[in-house]
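Trainee: What follows is a structure written as structure tokens; I'll ask about it next.
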Amino acid sequence: MDRRLALVTGASAGIGAAFARTLASHGYDVALTARRAERLDKLAEEVSLRYGVEALTIAADLAEPDAPGQILDFLTAHGRTVDALVNNAGYGIPGAYADTRWEDQRALIQVMMTAPAELVHRVLPGMIHKRFGRIVNVASLAGLVPGSAGATLYGATKAFMVRFSQSLHLETEAQGVHVSALCPGFTYSEFHDVNGTRAQISQATPPWLWLGADEVAAAGYEAVEANRAICVPGAPNKAIAAVTKLIPDDWALAIMASQGPRFRKV
């Protein structure tokens, strides 16, 4: 195939679906993976008709350890290799850590840390060989600020994605492979509906703190093309990230302790 292929995880809605449209609009064929096959098929039909690209779908649950290999085996069977990877799949588990089941936390780690790291490890040698690759690891503003009570591993996994991306960026910047960590703040998507915090979040946050998924995906695409290691979309989010770096850690943690309950269930 003459066109390059982009693999997007968590592509059935939100930022993942927006990335699929953005990449297709720039001429990429897309491979879309998530758990919901019907939504993937509908999105694949949309981008294929609208942009004239090939759109493949792979229904898979990244909580299953075999899923990354199965996804890439599917693409190999279709004669395709990955030129761009968007590690977007993710979610949060509300509540205090001690009140949750370990099986649920283990699955979250698999989806948000282990699977993205494995996918990168599997596709990176081919990118280096071709001297072309684009990797966007969708992290979060939560990975750049101190932790808060509730959804305990969410910020920790996003901080991992930031540091992982920075290291990859340094390792590959001279080999034609661009790596960026995308760190959005509040984004209009299904994220808060899924974890049951929509009403709380909507009440606690002003409209100017929110970005659309399309805006976030466009910022991520521009960042990885420019090979910027970290992208924080939106002026308010940039300000929050900058202030967090400037104030002492104990001050920042105190702010999170006072403000965190507005946004998270404990």
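Residue numbering restarts at 1 for every chain of the structure tokens, chains are lettered A, B, ... in their displayed order, and ligands are numbered from 1 as they appear.
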How would you write, as a PyMOL selection string, the set of residues in range 42-250 of chain A that DSSP gives as helix (DSSP H, G or I)?

Mentor: chain A and resi 42-51+67-77+97-99+102-130+141-143+152-172+191-194+198-204+207-209+213-225+235-246+249-250

Trainee: Determine, counting only C-alpha atoms, which protein, DNA and RNA residues have an atom within 10 Å of an atom of range 233-243 of chain A; residues of the same chain fewer than 5 positions away are not included. Present the result as a PDB file with C-alpha atoms, in the first residue's frame.

Mentor:
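Produced file out15.pdb, reproduced below:
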ATOM      1  CA  LEU A 141      -2.697  17.184  32.596  1.00  0.00           C
ATOM      2  CA  ALA A 142      -3.179  14.874  35.594  1.00  0.00           C
ATOM      3  CA  GLY A 143       0.251  13.430  34.803  1.00  0.00           C
ATOM      4  CA  LEU A 144       1.884  16.840  35.221  1.00  0.00           C
ATOM      5  CA  VAL A 145       0.357  17.885  38.543  1.00  0.00           C
ATOM      6  CA  LEU A 182      -0.404  14.660  24.659  1.00  0.00           C
ATOM      7  CA  CYS A 183      -1.594  16.072  27.987  1.00  0.00           C
ATOM      8  CA  PRO A 184      -5.137  17.421  27.711  1.00  0.00           C
ATOM      9  CA  GLY A 185      -7.198  18.691  30.590  1.00  0.00           C
ATOM     10  CA  PHE A 186     -10.972  18.440  30.700  1.00  0.00           C
ATOM     11  CA  TRP A 208     -13.627  27.761  29.673  1.00  0.00           C
ATOM     12  CA  LEU A 209     -11.661  24.831  31.133  1.00  0.00           C
ATOM     13  CA  TRP A 210     -13.063  22.409  28.552  1.00  0.00           C
ATOM     14  CA  LEU A 211     -11.807  21.567  25.075  1.00  0.00           C
ATOM     15  CA  GLU A 215      -9.247  20.391  19.221  1.00  0.00           C
ATOM     16  CA  VAL A 216      -7.216  18.012  21.359  1.00  0.00           C
ATOM     17  CA  ALA A 217      -6.550  15.600  18.496  1.00  0.00           C
ATOM     18  CA  ALA A 218      -5.538  18.438  16.162  1.00  0.00           C
ATOM     19  CA  ALA A 219      -3.101  19.753  18.770  1.00  0.00           C
ATOM     20  CA  GLY A 220      -1.656  16.271  19.236  1.00  0.00           C
ATOM     21  CA  ALA A 223       2.807  18.377  18.120  1.00  0.00           C
ATOM     22  CA  PRO A 248       6.840  24.217  46.043  1.00  0.00           C
ATOM     23  CA  ALA A 252       0.867  22.141  45.108  1.00  0.00           C
TER      24      ALA A 252
END

Trainee: Output as CSV one row per residue of range 27-99 of chain A within 6 Å of range 7-21 of chain A: the closest atom pair and its distance in Å to one decimal place, counting only C-alpha atoms, sorted by chain and residue number ascending.

Mentor:
residue,atom,partner,partner_atom,distance
A:Val30,CA,A:Leu7,CA,5.9
A:Ala31,CA,A:Leu7,CA,4.6
A:Leu32,CA,A:Val8,CA,5.2
A:Thr33,CA,A:Thr9,CA,5.0
A:Ala34,CA,A:Gly10,CA,4.8
A:Arg39,CA,A:Ser12,CA,5.5
A:Leu40,CA,A:Ser12,CA,5.3
A:Leu85,CA,A:Leu7,CA,4.9
A:Val86,CA,A:Val8,CA,4.7
A:Asn87,CA,A:Thr9,CA,5.5
A:Asn88,CA,A:Thr9,CA,5.3
A:Ala89,CA,A:Gly10,CA,3.9

Trainee: Grab the residues selected above and save them as a compact mmCIF listing (two decimals), in the first residue's frame with N, CA, C and O atoms.

Mentor:
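Generated file (part-v8.txt):
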# COMPACT_ATOMS: atom_id res chain seq x y z
N VAL A 30 -6.25 4.02 8.35
CA VAL A 30 -6.36 3.90 9.80
C VAL A 30 -6.76 2.48 10.20
O VAL A 30 -7.55 1.82 9.52
N ALA A 31 -6.18 2.03 11.29
CA ALA A 31 -6.58 0.79 11.95
C ALA A 31 -7.13 1.19 13.31
O ALA A 31 -6.44 1.81 14.11
N LEU A 32 -8.39 0.86 13.54
CA LEU A 32 -9.10 1.33 14.71
C LEU A 32 -9.38 0.17 15.64
O LEU A 32 -9.93 -0.85 15.22
N THR A 33 -9.01 0.32 16.89
CA THR A 33 -9.26 -0.75 17.84
C THR A 33 -9.89 -0.21 19.12
O THR A 33 -9.58 0.89 19.58
N ALA A 34 -10.81 -0.98 19.65
CA ALA A 34 -11.50 -0.72 20.91
C ALA A 34 -12.34 -1.95 21.18
O ALA A 34 -12.29 -2.93 20.44
N ARG A 39 -19.40 0.37 16.98
CA ARG A 39 -18.97 1.77 16.87
C ARG A 39 -17.75 1.89 15.97
O ARG A 39 -17.63 2.85 15.19
N LEU A 40 -16.82 0.95 16.09
CA LEU A 40 -15.64 0.99 15.24
C LEU A 40 -16.02 0.88 13.78
O LEU A 40 -15.50 1.61 12.92
N LEU A 85 1.26 5.50 15.59
CA LEU A 85 0.56 4.84 16.69
C LEU A 85 0.03 5.90 17.64
O LEU A 85 0.79 6.77 18.08
N VAL A 86 -1.25 5.82 17.93
CA VAL A 86 -1.85 6.69 18.95
C VAL A 86 -2.34 5.81 20.09
O VAL A 86 -3.33 5.08 19.96
N ASN A 87 -1.61 5.84 21.19
CA ASN A 87 -2.00 5.10 22.40
C ASN A 87 -2.98 5.96 23.18
O ASN A 87 -2.59 6.81 23.98
N ASN A 88 -4.26 5.74 22.93
CA ASN A 88 -5.28 6.60 23.51
C ASN A 88 -6.17 5.89 24.53
O ASN A 88 -6.75 6.54 25.40
N ALA A 89 -6.30 4.57 24.44
CA ALA A 89 -7.25 3.86 25.30
C ALA A 89 -6.98 4.15 26.78
O ALA A 89 -5.83 4.13 27.23

Trainee: So how far away is CA of Ile230 in chain A from CA of Ile128 in chain A, in Å?

Mentor: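 Going from CA of Ile128 in chain A over to CA of Ile230 in chain A covers 20.7 Å.
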
Trainee: Would you list the contacts of range 147-159 of chain A as a count of residues only, taking every protein, DNA or RNA residue within 10 Å and counting only C-alpha atoms, but skipping same-chain residues closer than 2 positions in sequence?

Mentor: 49

Trainee: For each of A:Leu5, A:Ala115, A:Leu170, A:Ala107, take the minimum atom-to-atom distance to Arg80 in chain A, counting only C-alpha atoms, then give the residue where this is smallest.

Mentor: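 Closest to Arg80 in chain A of all the choices is A:Leu5.
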
Trainee: For Ala213 in chain A, which residue out of A:Lys130, A:Thr22, A:Val179, A:Arg50 is the nearest one, using only C-alpha atoms?

Mentor: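 The closest residue to Ala213 in chain A is A:Thr22.
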
Trainee: Name the residues in contact with His129 in chain A at a cut-off of 12 Å, using only C-alpha atoms, excluding same-chain residues fewer than 2 positions from it; report them as a PyMOL selection string.

Mentor: chain A and resi 81+83+123-127+131-133+172+175-177

Trainee: I need the residues of range 52-107 of chain A that end up classed as strand (DSSP E) by DSSP on the backbone, written out as a list in words.

Mentor: Ala55, Leu56, Thr57, Ile58, Ala59, Ala84, Leu85, Val86 and Asn87 of chain A

Trainee: Those same residues, written as a compact mmCIF listing (two decimals), in the first residue's frame with C-alpha atoms?

Mentor:
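And here's out-v1.txt as it stands now:
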# COMPACT_ATOMS: atom_id res chain seq x y z
CA ALA A 55 -10.10 1.80 7.49
CA LEU A 56 -9.57 -1.48 9.30
CA THR A 57 -11.26 -2.39 12.59
CA ILE A 58 -10.07 -4.75 15.31
CA ALA A 59 -12.35 -5.35 18.27
CA ALA A 84 1.83 5.95 13.29
CA LEU A 85 0.56 4.84 16.69
CA VAL A 86 -1.85 6.69 18.95
CA ASN A 87 -2.00 5.10 22.40

Trainee: Interatomic distance between CA of Arg4 in chain A and CA of Asp66 in chain A?

Mentor: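 Separation of CA of Arg4 in chain A and CA of Asp66 in chain A: 25.1 Å.
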